[in-house]
Amino acid sequence: MVILLEMVKVKTAGVRALHWVIFLATVSLVLTGLYIADPFWLSGTGEAYQTFVMAKIRLIHFLSAIALDVAFLVRLYIAFFSLFHTDWREVLPTPGNLKEAWKSFRFYWTLEGEQKDYRWIDPFDGITFHLLHLILILQLFTGFALYVSGIELTAGIYGIWAKTLHFATDWTLVVFGGLPGVRLMHHFTLWLVVSGAFLHIYHQVWKTIKLQRADISAIVNGYKLMAVKRGK
Amino acid sequence: MSGVKDQVKLLTSVDRREFMGLCAQISVVLGLGNDMVPKIAEALEAAARKPSIIWLHFQECTGDSEAFLRTTSPSVAELVLDVLSIDYHETIMAASGDQAEQNLAKAIKENKGKYLVVCEGAIPLATPPGPAGLKGGYLTIGNKTGLQIAEEVCRDAAAVICVGNCSSYGGVQAQRPNPTGAVGVGEALGIKTVNIPACPHNPVNSIATIVNYLLLGTLPPTDRFGRPLFAYEERIHDQCTRRSHFDAGQFVTEWGSEEAKKGFCLYKMGCKGPQTYNNCNKARYNDHTGWPIGAGHGCVGCSEPKFWDTMSPFYKRLDNIEVPFGGVEATADKVGLVLTGAAVAGAAVHAVYTFNKKKEHEERIIDREKKEGK
Ligand code: SF4
């Protein structure tokens, strides 16, 4: 039996583009978020009417948030209805997935046993993506709760938008103890995003080097290597 | 004839002008137009419907009474005698002792189901230690606990209005660890109250609430914390006079500095305006002349429930987060940085370990490939 490594397509251009949109938006959100929490590295000069620093940075924050949320929703849609490959099952923490993920985890720390070759999202990644997405969803809800806190229930279409957001996010005020609590949670979750993103990047680099399956190229050009068994 | 004379007298007197001034302010606070001012005046003057008001004091500093009595338009006398009928108010009534208690009983009996109760101060629910310990015994007036008094008086009231943060949500007495078990009146009695929080509350808001009741026969619509929407729908931050400096990124970083003199935004000095709902800038204190941020002090969020716990430290941006284990209070940033540090350290350990084992691993792969006959 011969083991051949073959280039296989795993990610469509759309999925890759969405990944990088989410990446850019996250970077922008973290940077602008840190600034909004403590405006330390820029301040307006001259008269108030001549500068608009804080407002602009907040605008970038909001736009990035909307870009991230929309990208997230589109990705969710693709996960269920992609014509190329639907991958929603792979990020669910089902018992089967958890078992496989645990095997990978052990392998990562002991290098004993063998790492199976996965074409699609491997179970370990699946679990981490699941957690990362939960963090992002928490960030989405607390963020919109803060955003809509300054918007009164006005009439018209804008009022519908405000009402929808209030309806969707007011529970965070109850859970985290009012706006101060929500703000703290939003700020703290930023660090969860940062550490989570770091671990994700490390993990992908490590896999690429260690398993020699060109994992990182999957998110760049859409292809990775797969061991394919060809008869005798 | 005398009616006309009276009217002329009213119209030309300074008091009358002040009174109309009050009506105009109330109209503004309630978001009504100029046309409503005479209606408000009428409602206030309709003696037959002048509400009997019982003002109760619990755990508090009398700051809300002070604020109420500090209004000069209308004056105290007008407020107490003409505008409202305040039948019981421990601080300002002439009666004392048994006589005072009789007044209270009389007011309740005569206006059963029609009087308004204004509460000031929190109600303690904890039981003091010792043999004579009584539930709520940290506050007793005339041998009755605050809780008993509140229950007795509020039972037959048309409505209960809580002024100040203490009666609304417990105030400073309810701050952790809350030794007397202080809670707001609504929570203590399990009833719905209209809350006019702040420390102290702005009298225009409480009078406006009463006027709303007189004009329409109903209490104003409130938010989920029982605060009338006419006053508490907007955040301090969204009506702040320093907002342009916030948007411009111009912040005070030191008290007494050049920036402070220029009136820059107090965000970095711990202003809680972005988390606080109240109409301070529109209604203003001290005869509508000033308010904290106008005077150069950041908002401390005194109209929010539990503001002593959630808004402090007052002079810092909110950064405290409570870590559930061990009761340590750390800053969110610190916890976050430690987490991120742990992630980096974990990755480093993993990298060192696995890449040192690289050889072993590669050998194994070569072995395997040999076995498989490559
Ligand atoms: S002073 Fe406070 S309320 Fe006013 S703009 Fe600055 S942060 Fe907002």
# chains A, B, ... in the order shown; residues from 1 in each chain; ligands from 1
call {"tool": "closest_atom_pairs", "arguments": {"of": "chain A", "to": "ligand 1", "cutoff": "12 Å", "atoms": "only C-alpha atoms and all ligand atoms", "output": "tab-separated table"}}
result
residue	atom	partner	partner_atom_place_in_ligand_line	distance
A:Ile36	CA	ligand 1	7 (S)	11.2
A:Ala37	CA	ligand 1	7 (S)	11.4
A:Asp38	CA	ligand 1	7 (S)	11.6
A:Pro39	CA	ligand 1	7 (S)	11.6
A:Met54	CA	ligand 1	5 (S)	10.9
A:Ala55	CA	ligand 1	5 (S)	11.3
A:Gly150	CA	ligand 1	8 (Fe)	11.0
call {"tool": "interface_residues", "arguments": {"of": "chain A", "to": "chain B", "cutoff": "9 Å", "atoms": "only C-alpha atoms", "output": "MDAnalysis selection string"}}
result
chainID A and resid 1:3 37:39 42:45 47:56 58 108:112 146 149:153 177:181 183:185 187:192 194:196 198:199 202:203 206 210
call {"tool": "residues_around", "arguments": {"residues": "Gly142 in chain B", "least_positions_apart": "6", "cutoff": "10 Å", "atoms": "only C-alpha atoms", "output": "MDAnalysis selection string"}}
result
chainID B and resid 97:98 101 149
call {"tool": "residues_around", "arguments": {"residues": "Leu147 in chain B", "least_positions_apart": "5", "cutoff": "8 Å", "atoms": "only C-alpha atoms", "output": "list in words"}}
result
Ile123, Pro124, Leu125, Gly136, Ala188 and Leu189 of chain B
call {"tool": "select_by_dssp", "arguments": {"residues": "range 152-232 of chain B", "states": "alpha helix (DSSP H)", "output": "PDB file with N, CA, C and O atoms, in the first residue's frame"}}
result
ATOM      1  N   GLU B 152     -47.942  49.804  57.269  1.00  0.00           N
ATOM      2  CA  GLU B 152     -49.185  50.434  57.720  1.00  0.00           C
ATOM      3  C   GLU B 152     -49.590  51.585  56.814  1.00  0.00           C
ATOM      4  O   GLU B 152     -50.751  51.720  56.427  1.00  0.00           O
ATOM      5  N   VAL B 153     -48.621  52.420  56.500  1.00  0.00           N
ATOM      6  CA  VAL B 153     -48.952  53.648  55.770  1.00  0.00           C
ATOM      7  C   VAL B 153     -49.196  53.378  54.290  1.00  0.00           C
ATOM      8  O   VAL B 153     -50.091  53.954  53.680  1.00  0.00           O
ATOM      9  N   CYS B 154     -48.408  52.467  53.720  1.00  0.00           N
ATOM     10  CA  CYS B 154     -48.499  52.261  52.273  1.00  0.00           C
ATOM     11  C   CYS B 154     -49.717  51.408  51.898  1.00  0.00           C
ATOM     12  O   CYS B 154     -50.147  51.428  50.750  1.00  0.00           O
ATOM     13  N   ARG B 155     -50.253  50.679  52.877  1.00  0.00           N
ATOM     14  CA  ARG B 155     -51.352  49.762  52.575  1.00  0.00           C
ATOM     15  C   ARG B 155     -52.522  50.492  51.902  1.00  0.00           C
ATOM     16  O   ARG B 155     -53.072  50.020  50.914  1.00  0.00           O
ATOM     17  N   GLY B 164     -35.119  59.673  46.014  1.00  0.00           N
ATOM     18  CA  GLY B 164     -33.748  59.383  46.398  1.00  0.00           C
ATOM     19  C   GLY B 164     -33.403  57.928  46.164  1.00  0.00           C
ATOM     20  O   GLY B 164     -34.284  57.076  46.039  1.00  0.00           O
ATOM     21  N   ASN B 165     -32.108  57.656  46.084  1.00  0.00           N
ATOM     22  CA  ASN B 165     -31.673  56.297  45.783  1.00  0.00           C
ATOM     23  C   ASN B 165     -31.966  55.342  46.931  1.00  0.00           C
ATOM     24  O   ASN B 165     -32.233  54.162  46.714  1.00  0.00           O
ATOM     25  N   CYS B 166     -31.937  55.834  48.189  1.00  0.00           N
ATOM     26  CA  CYS B 166     -32.099  54.934  49.331  1.00  0.00           C
ATOM     27  C   CYS B 166     -33.472  54.284  49.333  1.00  0.00           C
ATOM     28  O   CYS B 166     -33.596  53.071  49.468  1.00  0.00           O
ATOM     29  N   SER B 167     -34.526  55.088  49.194  1.00  0.00           N
ATOM     30  CA  SER B 167     -35.855  54.496  49.227  1.00  0.00           C
ATOM     31  C   SER B 167     -36.124  53.727  47.947  1.00  0.00           C
ATOM     32  O   SER B 167     -36.914  52.788  47.932  1.00  0.00           O
ATOM     33  N   SER B 168     -35.472  54.129  46.860  1.00  0.00           N
ATOM     34  CA  SER B 168     -35.697  53.429  45.593  1.00  0.00           C
ATOM     35  C   SER B 168     -35.007  52.074  45.586  1.00  0.00           C
ATOM     36  O   SER B 168     -35.622  51.058  45.291  1.00  0.00           O
ATOM     37  N   TYR B 169     -33.707  52.065  45.917  1.00  0.00           N
ATOM     38  CA  TYR B 169     -32.942  50.816  45.778  1.00  0.00           C
ATOM     39  C   TYR B 169     -32.049  50.494  46.977  1.00  0.00           C
ATOM     40  O   TYR B 169     -31.264  49.561  46.921  1.00  0.00           O
ATOM     41  N   VAL B 185     -37.852  50.578  49.339  1.00  0.00           N
ATOM     42  CA  VAL B 185     -39.204  50.400  49.886  1.00  0.00           C
ATOM     43  C   VAL B 185     -39.999  49.390  49.054  1.00  0.00           C
ATOM     44  O   VAL B 185     -40.665  48.503  49.595  1.00  0.00           O
ATOM     45  N   GLY B 186     -39.909  49.519  47.741  1.00  0.00           N
ATOM     46  CA  GLY B 186     -40.646  48.608  46.870  1.00  0.00           C
ATOM     47  C   GLY B 186     -40.269  47.163  47.134  1.00  0.00           C
ATOM     48  O   GLY B 186     -41.122  46.282  47.217  1.00  0.00           O
ATOM     49  N   GLU B 187     -38.964  46.932  47.298  1.00  0.00           N
ATOM     50  CA  GLU B 187     -38.495  45.568  47.527  1.00  0.00           C
ATOM     51  C   GLU B 187     -38.917  45.094  48.919  1.00  0.00           C
ATOM     52  O   GLU B 187     -39.312  43.937  49.105  1.00  0.00           O
ATOM     53  N   ALA B 188     -38.847  45.985  49.919  1.00  0.00           N
ATOM     54  CA  ALA B 188     -39.178  45.590  51.286  1.00  0.00           C
ATOM     55  C   ALA B 188     -40.644  45.185  51.398  1.00  0.00           C
ATOM     56  O   ALA B 188     -40.989  44.219  52.089  1.00  0.00           O
ATOM     57  N   LEU B 189     -41.521  45.928  50.728  1.00  0.00           N
ATOM     58  CA  LEU B 189     -42.954  45.653  50.860  1.00  0.00           C
ATOM     59  C   LEU B 189     -43.480  44.752  49.752  1.00  0.00           C
ATOM     60  O   LEU B 189     -44.629  44.315  49.790  1.00  0.00           O
ATOM     61  N   PRO B 203     -36.185  67.719  42.929  1.00  0.00           N
ATOM     62  CA  PRO B 203     -37.589  67.925  43.318  1.00  0.00           C
ATOM     63  C   PRO B 203     -38.510  68.137  42.116  1.00  0.00           C
ATOM     64  O   PRO B 203     -39.679  67.756  42.175  1.00  0.00           O
ATOM     65  N   VAL B 204     -37.978  68.706  41.042  1.00  0.00           N
ATOM     66  CA  VAL B 204     -38.823  68.911  39.871  1.00  0.00           C
ATOM     67  C   VAL B 204     -39.401  67.587  39.384  1.00  0.00           C
ATOM     68  O   VAL B 204     -40.534  67.505  38.943  1.00  0.00           O
ATOM     69  N   ASN B 205     -38.616  66.527  39.513  1.00  0.00           N
ATOM     70  CA  ASN B 205     -39.086  65.229  39.036  1.00  0.00           C
ATOM     71  C   ASN B 205     -40.178  64.647  39.927  1.00  0.00           C
ATOM     72  O   ASN B 205     -41.120  64.037  39.434  1.00  0.00           O
ATOM     73  N   SER B 206     -40.028  64.839  41.244  1.00  0.00           N
ATOM     74  CA  SER B 206     -41.069  64.296  42.118  1.00  0.00           C
ATOM     75  C   SER B 206     -42.352  65.118  41.989  1.00  0.00           C
ATOM     76  O   SER B 206     -43.453  64.562  41.941  1.00  0.00           O
ATOM     77  N   ILE B 207     -42.198  66.436  41.907  1.00  0.00           N
ATOM     78  CA  ILE B 207     -43.401  67.263  41.744  1.00  0.00           C
ATOM     79  C   ILE B 207     -44.062  66.945  40.406  1.00  0.00           C
ATOM     80  O   ILE B 207     -45.284  66.821  40.319  1.00  0.00           O
ATOM     81  N   ALA B 208     -43.249  66.768  39.380  1.00  0.00           N
ATOM     82  CA  ALA B 208     -43.811  66.447  38.067  1.00  0.00           C
ATOM     83  C   ALA B 208     -44.570  65.133  38.100  1.00  0.00           C
ATOM     84  O   ALA B 208     -45.614  64.990  37.460  1.00  0.00           O
ATOM     85  N   THR B 209     -44.059  64.174  38.846  1.00  0.00           N
ATOM     86  CA  THR B 209     -44.754  62.889  38.963  1.00  0.00           C
ATOM     87  C   THR B 209     -46.118  63.093  39.615  1.00  0.00           C
ATOM     88  O   THR B 209     -47.129  62.542  39.168  1.00  0.00           O
ATOM     89  N   ILE B 210     -46.126  63.928  40.675  1.00  0.00           N
ATOM     90  CA  ILE B 210     -47.394  64.192  41.360  1.00  0.00           C
ATOM     91  C   ILE B 210     -48.346  64.933  40.423  1.00  0.00           C
ATOM     92  O   ILE B 210     -49.544  64.628  40.345  1.00  0.00           O
ATOM     93  N   VAL B 211     -47.811  65.894  39.673  1.00  0.00           N
ATOM     94  CA  VAL B 211     -48.646  66.641  38.729  1.00  0.00           C
ATOM     95  C   VAL B 211     -49.219  65.720  37.668  1.00  0.00           C
ATOM     96  O   VAL B 211     -50.391  65.809  37.302  1.00  0.00           O
ATOM     97  N   ASN B 212     -48.392  64.824  37.196  1.00  0.00           N
ATOM     98  CA  ASN B 212     -48.860  63.843  36.226  1.00  0.00           C
ATOM     99  C   ASN B 212     -50.059  63.090  36.789  1.00  0.00           C
ATOM    100  O   ASN B 212     -51.071  62.877  36.120  1.00  0.00           O
ATOM    101  N   TYR B 213     -49.955  62.734  38.065  1.00  0.00           N
ATOM    102  CA  TYR B 213     -51.043  62.026  38.737  1.00  0.00           C
ATOM    103  C   TYR B 213     -52.291  62.910  38.825  1.00  0.00           C
ATOM    104  O   TYR B 213     -53.415  62.451  38.600  1.00  0.00           O
ATOM    105  N   LEU B 214     -52.088  64.206  39.134  1.00  0.00           N
ATOM    106  CA  LEU B 214     -53.220  65.119  39.256  1.00  0.00           C
ATOM    107  C   LEU B 214     -53.886  65.363  37.909  1.00  0.00           C
ATOM    108  O   LEU B 214     -55.111  65.415  37.796  1.00  0.00           O
ATOM    109  N   LEU B 215     -53.063  65.543  36.889  1.00  0.00           N
ATOM    110  CA  LEU B 215     -53.593  65.871  35.563  1.00  0.00           C
ATOM    111  C   LEU B 215     -54.330  64.699  34.941  1.00  0.00           C
ATOM    112  O   LEU B 215     -55.406  64.853  34.377  1.00  0.00           O
ATOM    113  N   LEU B 216     -53.730  63.552  35.009  1.00  0.00           N
ATOM    114  CA  LEU B 216     -54.249  62.409  34.256  1.00  0.00           C
ATOM    115  C   LEU B 216     -54.863  61.336  35.138  1.00  0.00           C
ATOM    116  O   LEU B 216     -55.478  60.395  34.653  1.00  0.00           O
ATOM    117  N   LEU B 229     -40.320  57.544  32.813  1.00  0.00           N
ATOM    118  CA  LEU B 229     -39.563  57.704  31.569  1.00  0.00           C
ATOM    119  C   LEU B 229     -39.336  59.167  31.214  1.00  0.00           C
ATOM    120  O   LEU B 229     -38.357  59.505  30.550  1.00  0.00           O
ATOM    121  N   PHE B 230     -40.238  60.055  31.679  1.00  0.00           N
ATOM    122  CA  PHE B 230     -40.051  61.452  31.281  1.00  0.00           C
ATOM    123  C   PHE B 230     -38.723  62.003  31.788  1.00  0.00           C
ATOM    124  O   PHE B 230     -38.162  62.906  31.195  1.00  0.00           O
ATOM    125  N   ALA B 231     -38.233  61.442  32.873  1.00  0.00           N
ATOM    126  CA  ALA B 231     -36.977  61.951  33.418  1.00  0.00           C
ATOM    127  C   ALA B 231     -35.810  60.997  33.203  1.00  0.00           C
ATOM    128  O   ALA B 231     -34.663  61.421  33.148  1.00  0.00           O
ATOM    129  N   TYR B 232     -36.093  59.708  33.086  1.00  0.00           N
ATOM    130  CA  TYR B 232     -34.998  58.736  33.109  1.00  0.00           C
ATOM    131  C   TYR B 232     -34.875  57.944  31.812  1.00  0.00           C
ATOM    132  O   TYR B 232     -34.421  56.816  31.809  1.00  0.00           O
TER     133      TYR B 232
END
call {"tool": "select_by_dssp", "arguments": {"residues": "range 231-294 of chain B", "states": "strand (DSSP E or B)", "output": "number ranges by chain"}}
result
B: 235, 251, 265, 277, 285, 290
call {"tool": "write_last_selection", "arguments": {"atoms": "N, CA and C atoms", "output": "PDB file, in the first residue's frame"}}
result
ATOM      1  N   ARG B 235     -29.639  58.920  28.789  1.00  0.00           N
ATOM      2  CA  ARG B 235     -28.457  58.868  29.637  1.00  0.00           C
ATOM      3  C   ARG B 235     -27.887  60.272  29.850  1.00  0.00           C
ATOM      4  N   PHE B 251      -9.947  65.003  26.848  1.00  0.00           N
ATOM      5  CA  PHE B 251     -10.288  64.514  28.188  1.00  0.00           C
ATOM      6  C   PHE B 251      -9.475  65.203  29.267  1.00  0.00           C
ATOM      7  N   CYS B 265     -14.046  66.735  28.662  1.00  0.00           N
ATOM      8  CA  CYS B 265     -14.851  65.602  29.127  1.00  0.00           C
ATOM      9  C   CYS B 265     -14.175  64.895  30.310  1.00  0.00           C
ATOM     10  N   TYR B 277     -28.834  56.877  33.781  1.00  0.00           N
ATOM     11  CA  TYR B 277     -30.036  57.484  33.219  1.00  0.00           C
ATOM     12  C   TYR B 277     -30.597  58.509  34.207  1.00  0.00           C
ATOM     13  N   TYR B 285     -29.987  71.168  39.314  1.00  0.00           N
ATOM     14  CA  TYR B 285     -30.237  71.298  40.752  1.00  0.00           C
ATOM     15  C   TYR B 285     -30.136  72.766  41.188  1.00  0.00           C
ATOM     16  N   GLY B 290     -27.263  74.490  38.445  1.00  0.00           N
ATOM     17  CA  GLY B 290     -26.081  73.676  38.210  1.00  0.00           C
ATOM     18  C   GLY B 290     -26.330  72.195  38.374  1.00  0.00           C
TER      19      GLY B 290
END
call {"tool": "closest_residue", "arguments": {"among": "A:Phe107, A:Phe72, A:Tyr77, A:Tyr223", "to": "Trp20 in chain A", "atoms": "only C-alpha atoms"}}
result
A:Phe72
call {"tool": "residues_around", "arguments": {"residues": "Thr32 in chain A", "least_positions_apart": "2", "cutoff": "8 Å", "atoms": "only C-alpha atoms", "output": "PyMOL selection string"}}
result
chain A and resi 28-30+34-36+57-58+60-61
call {"tool": "write_last_selection", "arguments": {"atoms": "N, CA and C atoms", "output": "PDB file, in the first residue's frame"}}
result
ATOM      1  N   SER A  28      -9.376  45.102  14.358  1.00  0.00           N
ATOM      2  CA  SER A  28      -9.837  46.484  14.480  1.00  0.00           C
ATOM      3  C   SER A  28     -10.655  46.667  15.752  1.00  0.00           C
ATOM      4  N   LEU A  29     -11.493  45.679  16.069  1.00  0.00           N
ATOM      5  CA  LEU A  29     -12.337  45.792  17.265  1.00  0.00           C
ATOM      6  C   LEU A  29     -11.501  45.798  18.537  1.00  0.00           C
ATOM      7  N   VAL A  30     -10.477  44.952  18.569  1.00  0.00           N
ATOM      8  CA  VAL A  30      -9.648  44.894  19.784  1.00  0.00           C
ATOM      9  C   VAL A  30      -8.919  46.223  19.969  1.00  0.00           C
ATOM     10  N   LEU A  34      -9.841  48.796  22.962  1.00  0.00           N
ATOM     11  CA  LEU A  34      -8.915  49.197  24.020  1.00  0.00           C
ATOM     12  C   LEU A  34      -8.845  50.716  24.110  1.00  0.00           C
ATOM     13  N   TYR A  35      -8.923  51.360  22.966  1.00  0.00           N
ATOM     14  CA  TYR A  35      -8.891  52.824  22.993  1.00  0.00           C
ATOM     15  C   TYR A  35     -10.140  53.395  23.663  1.00  0.00           C
ATOM     16  N   ILE A  36     -11.290  52.841  23.311  1.00  0.00           N
ATOM     17  CA  ILE A  36     -12.531  53.374  23.879  1.00  0.00           C
ATOM     18  C   ILE A  36     -12.546  53.154  25.398  1.00  0.00           C
ATOM     19  N   ILE A  57     -13.270  56.895  16.232  1.00  0.00           N
ATOM     20  CA  ILE A  57     -12.817  55.570  16.656  1.00  0.00           C
ATOM     21  C   ILE A  57     -14.003  54.713  17.075  1.00  0.00           C
ATOM     22  N   ARG A  58     -14.968  55.345  17.711  1.00  0.00           N
ATOM     23  CA  ARG A  58     -16.163  54.585  18.058  1.00  0.00           C
ATOM     24  C   ARG A  58     -16.897  54.142  16.796  1.00  0.00           C
ATOM     25  N   ILE A  60     -15.527  53.455  13.915  1.00  0.00           N
ATOM     26  CA  ILE A  60     -14.791  52.310  13.365  1.00  0.00           C
ATOM     27  C   ILE A  60     -15.145  51.055  14.155  1.00  0.00           C
ATOM     28  N   HIS A  61     -15.228  51.202  15.471  1.00  0.00           N
ATOM     29  CA  HIS A  61     -15.577  50.069  16.328  1.00  0.00           C
ATOM     30  C   HIS A  61     -16.943  49.505  15.935  1.00  0.00           C
TER      31      HIS A  61
END
call {"tool": "atom_distance", "arguments": {"atom1": "CA of Cys299 in chain B", "atom2": "CA of Cys271 in chain B"}}
result
4.8 Å
call {"tool": "residues_around", "arguments": {"residues": "range 116-125 of chain A", "least_positions_apart": "6", "cutoff": "7 Å", "atoms": "only C-alpha atoms", "output": "list in words"}}
result
Val10, Glu90, Asn97, Leu98, Glu100, Ala101, Ser104, Met226 and Ala227 of chain A
call {"tool": "closest_residue", "arguments": {"among": "B:Arg227, B:Ala41, B:Leu32, B:Ser65", "to": "Glu18 in chain B", "atoms": "only C-alpha atoms"}}
result
B:Ala41
